[in-house]
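S.K.: What follows is coords13.txt, made up of compact mmCIF, C-alpha atoms:
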```txt
# COMPACT_ATOMS: atom_id res chain seq x y z
CA MET A 15 -2.32 25.11 23.19
CA LYS A 16 -1.28 23.70 19.86
CA TYR A 17 0.89 20.90 21.23
CA LEU A 18 -2.30 19.40 22.70
CA LEU A 19 -3.85 19.49 19.25
CA TRP A 20 -0.82 17.62 17.88
CA LEU A 21 -1.34 15.00 20.59
CA ASP A 22 -5.01 14.73 19.63
CA ALA A 23 -4.07 14.24 15.97
CA ALA A 24 -1.59 11.51 16.88
CA LEU A 25 -4.16 9.85 19.13
CA TYR A 26 -6.71 9.62 16.31
CA VAL A 27 -4.28 7.77 14.03
CA ILE A 28 -3.08 5.48 16.83
CA VAL A 29 -6.64 4.54 17.84
CA PHE A 30 -7.54 3.92 14.18
CA LEU A 31 -4.58 1.56 13.73
CA LEU A 32 -5.07 -0.09 17.12
CA ILE A 33 -8.71 -0.95 16.44
CA GLN A 34 -7.76 -2.45 13.09
CA PHE A 35 -4.94 -4.47 14.69
CA LEU A 36 -7.05 -5.80 17.55
CA THR A 37 -9.90 -6.69 15.21
CA SER A 38 -7.53 -8.58 12.90
CA MET A 39 -6.05 -10.47 15.86
CA ALA A 40 -9.52 -11.42 17.11
CA VAL A 41 -10.64 -12.62 13.68
CA MET A 42 -7.39 -14.55 13.18
CA TYR A 43 -8.03 -16.35 16.47
CA PHE A 44 -11.30 -17.76 15.15
CA PHE A 45 -10.14 -18.08 11.52
CA PRO A 46 -6.53 -19.34 11.33
CA ASP A 47 -6.77 -19.18 7.53
CA PHE A 48 -7.52 -15.47 7.77
CA GLN A 49 -5.72 -14.36 4.59
CA VAL A 50 -7.51 -16.83 2.31
CA ASN A 51 -10.90 -16.95 4.04
CA VAL A 52 -13.43 -14.60 2.41
CA THR A 53 -15.66 -14.56 5.49
CA ALA A 54 -12.74 -13.67 7.75
CA LEU A 55 -11.50 -10.85 5.50
CA THR A 56 -14.97 -9.38 5.19
CA LEU A 57 -15.64 -9.70 8.91
CA ALA A 58 -12.36 -8.01 9.83
CA ALA A 59 -12.98 -5.06 7.49
CA ALA A 60 -16.59 -4.63 8.58
CA VAL A 61 -16.11 -5.05 12.33
CA SER A 62 -13.07 -2.79 12.51
CA SER A 63 -14.86 -0.08 10.49
CA VAL A 64 -17.99 -0.24 12.65
CA ALA A 65 -15.87 -0.14 15.82
CA ILE A 66 -14.00 2.91 14.52
CA VAL A 67 -17.23 4.72 13.60
CA LEU A 68 -18.80 4.02 16.99
CA THR A 69 -15.65 5.04 18.89
CA PHE A 70 -15.14 8.33 17.07
CA ALA A 71 -18.86 9.15 17.23
CA ALA A 72 -19.22 8.29 20.93
CA LEU A 73 -16.15 10.34 21.90
CA ARG A 74 -17.21 13.16 19.55
CA TRP A 75 -13.82 13.13 17.90
CA SER A 76 -15.64 13.47 14.60
CA PRO A 77 -18.62 15.74 15.36
CA PHE A 78 -21.82 15.13 13.42
CA SER A 79 -23.80 18.03 11.97
CA ARG A 80 -26.76 18.16 9.57
CA LEU A 81 -25.94 21.70 8.54
CA TYR A 82 -24.33 20.81 5.22
CA LEU A 83 -27.05 18.35 4.21
CA GLN A 84 -29.70 20.91 5.11
CA SER A 85 -28.28 23.10 2.35
CA ARG A 86 -29.40 20.38 -0.14
CA PRO A 87 -26.07 20.09 -1.96
CA TRP A 88 -27.30 17.39 -4.32
CA THR A 89 -25.92 18.97 -7.49
CA ALA A 90 -22.51 19.40 -5.89
CA LEU A 91 -22.50 15.76 -4.79
CA CYS A 92 -23.33 14.68 -8.34
CA TRP A 93 -20.30 16.63 -9.54
CA VAL A 94 -18.22 14.88 -6.86
CA ALA A 95 -19.27 11.55 -8.39
CA VAL A 96 -18.35 12.78 -11.88
CA LEU A 97 -14.98 14.00 -10.58
CA THR A 98 -14.29 10.58 -9.09
CA VAL A 99 -14.93 8.84 -12.40
CA GLY A 100 -12.38 11.17 -13.99
CA THR A 101 -9.66 10.11 -11.54
CA VAL A 102 -9.71 6.36 -12.21
CA ILE A 103 -7.74 5.96 -15.45
CA PRO A 104 -5.19 8.76 -14.73
CA SER A 105 -4.49 7.20 -11.32
CA VAL A 106 -3.96 3.73 -12.82
CA TRP A 107 -1.79 5.23 -15.56
CA LEU A 108 0.38 7.09 -13.04
CA SER A 109 0.88 3.95 -10.95
CA GLU A 110 1.93 2.04 -14.06
CA GLN A 111 4.36 4.77 -15.09
CA LEU A 112 5.94 4.66 -11.63
CA GLY A 113 6.14 0.88 -11.76
CA LEU A 114 3.99 0.44 -8.66
CA ASP A 115 1.92 -2.66 -8.17
CA LEU A 116 0.40 -4.71 -5.38
CA SER A 117 2.06 -7.98 -4.44
CA ASP A 118 0.35 -11.16 -5.62
CA GLU A 119 -0.73 -11.86 -2.04
CA GLN A 120 -2.29 -8.40 -1.68
CA LYS A 121 -4.06 -8.77 -5.03
CA GLN A 122 -5.51 -12.11 -3.99
CA MET A 123 -6.70 -10.68 -0.68
CA MET A 124 -8.42 -7.76 -2.41
CA THR A 125 -10.00 -10.09 -4.98
CA ARG A 126 -11.38 -12.33 -2.24
CA LEU A 127 -12.63 -9.35 -0.23
CA MET A 128 -14.51 -7.99 -3.25
CA SER A 129 -15.92 -11.34 -4.34
CA THR A 130 -19.20 -11.12 -2.40
CA PRO A 131 -21.97 -8.56 -1.74
CA TRP A 132 -20.93 -8.61 1.92
CA GLY A 133 -17.48 -7.57 0.80
CA TYR A 134 -19.03 -4.55 -0.90
CA LEU A 135 -20.83 -3.55 2.30
CA ALA A 136 -17.47 -3.61 4.06
CA VAL A 137 -15.24 -2.03 1.38
CA GLY A 138 -17.80 0.17 -0.35
CA ILE A 139 -19.70 1.56 2.63
CA ALA A 140 -18.24 0.78 6.07
CA VAL A 141 -14.58 1.47 5.24
CA PRO A 142 -15.21 4.86 3.52
CA LEU A 143 -17.35 6.05 6.44
CA ALA A 144 -14.75 5.01 9.02
CA GLU A 145 -11.83 6.54 7.11
CA GLU A 146 -13.63 9.82 6.44
CA MET A 147 -14.59 10.18 10.11
CA VAL A 148 -10.98 9.58 11.16
CA PHE A 149 -8.91 11.34 8.53
CA ARG A 150 -11.17 14.26 7.69
CA GLY A 151 -13.73 14.58 10.50
CA ALA A 152 -11.17 14.14 13.28
CA LEU A 153 -7.58 14.40 12.00
CA LEU A 154 -7.91 17.13 9.38
CA ARG A 155 -10.33 19.12 11.53
CA THR A 156 -7.65 19.18 14.25
CA LEU A 157 -4.75 19.90 11.89
CA LEU A 158 -6.62 22.86 10.42
CA LYS A 159 -6.72 24.31 13.93
CA VAL A 160 -3.00 23.62 14.35
CA PHE A 161 -2.11 25.51 11.20
CA SER A 162 -4.59 28.33 11.71
CA SER A 163 -3.76 31.82 12.94
CA GLU A 164 -5.53 35.15 13.31
CA GLU A 165 -4.42 36.10 9.82
CA THR A 166 -4.18 32.70 8.16
CA PRO A 167 -2.47 32.82 4.74
CA ARG A 168 -4.31 30.87 2.09
CA TRP A 169 -1.48 28.32 1.86
CA ARG A 170 -1.50 27.34 5.54
CA PRO A 171 -4.63 25.14 5.39
CA TRP A 172 -2.92 23.24 2.59
CA MET A 173 -0.21 22.21 5.04
CA ALA A 174 -2.91 20.49 7.08
CA ILE A 175 -4.50 18.96 3.96
CA ILE A 176 -1.16 17.62 2.68
CA LEU A 177 -0.19 16.18 6.06
CA SER A 178 -3.56 14.45 6.47
CA ALA A 179 -3.26 13.05 2.92
CA LEU A 180 0.24 11.73 3.68
CA LEU A 181 -1.00 9.96 6.80
CA PHE A 182 -4.00 8.62 4.89
CA ALA A 183 -1.62 7.21 2.28
CA ALA A 184 0.73 5.76 4.91
CA VAL A 185 -1.94 3.69 6.66
CA HIS A 186 -2.61 1.84 3.40
CA GLY A 187 0.75 0.18 3.94
CA ASN A 188 2.02 0.02 0.35
CA LEU A 189 3.11 2.43 -2.37
CA ALA A 190 0.74 1.07 -5.03
CA GLN A 191 -2.33 2.05 -3.01
CA GLY A 192 -0.53 4.85 -1.18
CA ILE A 193 0.04 7.05 -4.25
CA HIS A 194 -3.63 6.88 -5.19
CA ALA A 195 -4.67 7.41 -1.55
CA PHE A 196 -2.43 10.50 -1.29
CA LEU A 197 -3.82 12.13 -4.43
CA ILE A 198 -7.40 11.27 -3.50
CA GLY A 199 -6.61 12.43 0.05
CA LEU A 200 -5.76 15.89 -1.29
CA LEU A 201 -9.18 16.09 -2.94
CA LEU A 202 -10.92 14.74 0.15
CA GLY A 203 -9.12 17.22 2.38
CA TRP A 204 -9.84 20.14 0.06
CA MET A 205 -13.55 19.30 0.03
CA TYR A 206 -13.66 19.04 3.82
CA TRP A 207 -11.87 22.39 4.17
CA ARG A 208 -14.36 24.03 1.79
CA THR A 209 -17.46 22.65 3.48
CA ASP A 210 -16.65 21.63 7.09
CA SER A 211 -18.41 18.38 6.24
CA ILE A 212 -17.30 14.83 5.46
CA VAL A 213 -20.31 14.31 3.16
CA PRO A 214 -18.60 15.36 -0.13
CA GLY A 215 -15.54 13.29 0.77
CA LEU A 216 -17.69 10.35 1.77
CA THR A 217 -19.40 10.54 -1.63
CA LEU A 218 -16.05 10.54 -3.44
CA HIS A 219 -14.73 7.71 -1.28
CA TRP A 220 -17.86 5.62 -1.80
CA VAL A 221 -17.86 6.10 -5.59
CA ASN A 222 -14.12 5.35 -5.79
CA ASN A 223 -14.43 2.09 -3.84
CA SER A 224 -17.62 1.15 -5.67
CA ILE A 225 -15.87 1.52 -9.04
CA ALA A 226 -13.04 -0.72 -7.81
CA TYR A 227 -15.56 -3.30 -6.60
CA ALA A 228 -17.57 -3.20 -9.83
CA LEU A 229 -14.48 -3.60 -12.02
CA GLU A 230 -13.31 -6.56 -9.97
CA ARG A 231 -16.69 -8.27 -10.24
CA ILE A 232 -17.19 -7.55 -13.94
CA PHE A 233 -13.57 -8.22 -14.98
CA PRO A 234 -12.06 -10.75 -12.54
CA GLY A 235 -8.29 -10.46 -12.40
CA ILE A 236 -8.27 -6.95 -13.86
CA ASP A 237 -5.51 -5.98 -11.39
CA ASP A 238 -3.11 -8.09 -13.46
CA VAL A 239 -3.98 -6.28 -16.71
CA ARG A 240 -2.22 -3.09 -17.80
CA LEU A 241 -3.95 -0.21 -19.58
CA VAL A 242 -1.92 -0.79 -22.73
CA ASP A 243 -3.22 -4.37 -22.87
CA LEU A 244 -6.80 -3.13 -22.59
CA CYS A 245 -6.05 -0.72 -25.44
CA GLY A 246 -4.80 -3.39 -27.80
CA GLY A 247 -1.15 -2.51 -27.26
CA SER A 248 -1.57 1.10 -28.40
CA GLN A 249 0.15 3.67 -26.17
CA LEU A 250 -1.57 6.43 -28.14
CA ARG A 251 -4.96 5.01 -27.20
CA VAL A 252 -3.90 4.88 -23.56
CA LEU A 253 -3.00 8.57 -23.68
CA MET A 254 -6.33 9.32 -25.36
CA TYR A 255 -8.18 7.57 -22.53
CA VAL A 256 -6.14 9.51 -19.96
CA GLY A 257 -6.89 12.75 -21.79
CA PHE A 258 -10.59 11.94 -22.01
CA SER A 259 -10.65 11.25 -18.26
CA LEU A 260 -9.02 14.61 -17.58
CA LEU A 261 -11.71 16.25 -19.72
CA ILE A 262 -14.16 14.79 -17.21
CA PHE A 263 -12.06 15.62 -14.17
CA PHE A 264 -11.24 19.30 -14.73
CA PRO A 265 -14.76 20.56 -15.58
CA ALA A 266 -16.07 18.69 -12.54
CA LEU A 267 -13.34 20.25 -10.39
CA TYR A 268 -14.29 23.69 -11.73
CA GLN A 269 -17.93 23.08 -10.85
CA LEU A 270 -16.95 22.03 -7.34
CA CYS A 271 -14.85 25.18 -6.92
CA LEU A 272 -18.07 27.10 -7.59
CA ARG A 273 -20.41 24.94 -5.52
CA LEU A 274 -18.47 23.78 -2.46
CA ARG A 275 -18.82 26.51 0.13
CA LYS A 276 -19.00 26.62 3.90
CA LYS A 277 -22.66 26.72 4.96
```
Kindly present the structure from the file in structure tokens form.

M.R.:
Amino acid sequence: MKYLLWLDAALYVIVFLLIQFLTSMAVMYFFPDFQVNVTALTLAAAVSSVAIVLTFAALRWSPFSRLYLQSRPWTALCWVAVLTVGTVIPSVWLSEQLGLDLSDEQKQMMTRLMSTPWGYLAVGIAVPLAEEMVFRGALLRTLLKVFSSEETPRWRPWMAIILSALLFAAVHGNLAQGIHAFLIGLLLGWMYWRTDSIVPGLTLHWVNNSIAYALERIFPGIDDVRLVDLCGGSQLRVLMYVGFSLLIFFPALYQLCLRLRKK
């Protein structure tokens, strides 16, 4: 019965948030300066992600299968990486046009979290794996069943994809990250729907977070710089960079439409 599936979907999100909350409380107990302590921030992100992965794997809420990897989808995964690169500048540009930005406190926390190699292990690897298992492997998998029928119209799976993307955006807790998370969540959900695997989404998520980490390490304080400043004050150059990124994004998306198939 579909109401049980709705309860399952709600349970996945609640458990995800609960593990994060309890982990943060535990870390704060040992590190009262939690928000400014790099070790504490890294530990909280890593431990909560590992706990989420172990919980969802042990309870088989996010079933593991080697079927997709056995199809050797290496070319498709390379195109996923290319697609991700093409989303970076347009996403930043959209956030700037909407006037969305992280608070100074949130920026400082992210900068501290990404200031060490251990921070990369947490943000670049552990967090993407945990979030893909929850929001695609468990939540979206269940929502696709909710919105399925014997004669499923092509638009009905998109209801599940959009809802999962909205929830994925909501758990980020702020509009600045939420807009990007929603748009990326649509891509992640679409790739899961096409393949029944979190591997393409995990690749996108990993590349996305790795780019953010690399930019922060190479250009400290880049979160405080606008695209127009990087382009010498030229709005035309900003639009050229956005257009160039879209010339990367759309061919990669076309390739993925051809290559991402259920195996």

S.K.: I'd like the neighbourhood of A:Met205 as JSON, numbers by chain, where a residue qualifies if any of its atoms comes within 7 Å (using all atoms listed in the file), though same-chain residues fewer than 4 positions away should be ignored.

M.R.: {"A": [201, 209, 214, 215]}

S.K.: Restrict the calculation to all atoms listed in the file, then for each residue of stretch 104-184 of chain A with any atom at most 9 Å from an atom of stretch 52-69 of chain A give the closest atom pair and their distance in Å to one decimal, rows by chain and rising residue number, as CSV.

M.R.:
```
residue,atom,partner,partner_atom,distance
A:Met123,CA,A:Leu55,CA,7.8
A:Arg126,CA,A:Val52,CA,5.6
A:Leu127,CA,A:Thr56,CA,5.9
A:Met128,CA,A:Thr56,CA,8.6
A:Ser129,CA,A:Val52,CA,7.9
A:Thr130,CA,A:Val52,CA,8.3
A:Trp132,CA,A:Thr56,CA,6.8
A:Gly133,CA,A:Thr56,CA,5.4
A:Tyr134,CA,A:Thr56,CA,8.8
A:Leu135,CA,A:Ala60,CA,7.7
A:Ala136,CA,A:Ala60,CA,4.7
A:Val137,CA,A:Ala59,CA,7.2
A:Ala140,CA,A:Ser63,CA,5.6
A:Val141,CA,A:Ser63,CA,5.5
A:Pro142,CA,A:Ser63,CA,8.6
A:Leu143,CA,A:Val67,CA,7.3
A:Ala144,CA,A:Val67,CA,5.2
A:Glu145,CA,A:Ser63,CA,8.0
A:Met147,CA,A:Val67,CA,7.0
A:Val148,CA,A:Ile66,CA,8.1
```

S.K.: Applying 6 Å and all atoms listed in the file, which residues near A:Leu158 remain after dropping the ones on its own chain fewer than 4 positions away? List them as a PDB file with C-alpha atoms, keeping the file's coordinate frame.

M.R.:
```
ATOM      1  CA  LEU A 154      -7.910  17.130   9.380  1.00  0.00           C
ATOM      2  CA  SER A 162      -4.590  28.330  11.710  1.00  0.00           C
ATOM      3  CA  PRO A 171      -4.630  25.140   5.390  1.00  0.00           C
ATOM      4  CA  ALA A 174      -2.910  20.490   7.080  1.00  0.00           C
TER       5      ALA A 174
END
```

S.K.: Figure out the distance between atom CA of A:Leu218 and atom CA of A:Val96, please, to one decimal in Å.

M.R.: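 So the answer is 9.0 Å.
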
S.K.: So how far away is atom CA of A:Ser105 from atom CA of A:Ala266, in Å?

M.R.: 16.4 Å

S.K.: How far is it from atom CA of A:Ser85 to atom CA of A:Val221, in Å with one decimal?

M.R.: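 Separating atom CA of A:Ser85 from atom CA of A:Val221 is a distance of 21.5 Å.
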
S.K.: Find, counting all atoms listed in the file, the residue in A:Gly192, A:Tyr255, A:Cys271, A:Leu241 that gets nearest to A:Arg208.

M.R.: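 Closest to A:Arg208, using all atoms listed in the file: A:Cys271.
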
S.K.: Tell me which protein, DNA and RNA residues are within 9 Å of A:Trp93, counting all atoms listed in the file, leaving out same-chain ones fewer than 6 positions away, and put them as number ranges by chain.

M.R.: A: 266-267, 269-270

S.K.: Excluding A:Leu21 and its own-chain neighbours fewer than 4 positions away, which residues fall within 12 Å of it when counting all atoms listed in the file? Please give them as a ChimeraX atom specification.

M.R.: /A:15-17,25-28,153,156-157,160

S.K.: Which residue out of A:Asn188, A:Asn51, A:Ser259, A:Asn223 has the minimum interatomic distance to A:Asp115 when all atoms listed in the file are used?

M.R.: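 Comparing A:Asn188, A:Asn51, A:Ser259, A:Asn223 against A:Asp115, the winner is A:Asn188.
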
S.K.: Between A:Gln120, A:Leu200, A:Asp210, A:Gly138, which has the minimum distance to A:Ala228 (counting only C-alpha atoms)?

M.R.: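 Using only C-alpha atoms, the shortest distance to A:Ala228 belongs to A:Gly138.
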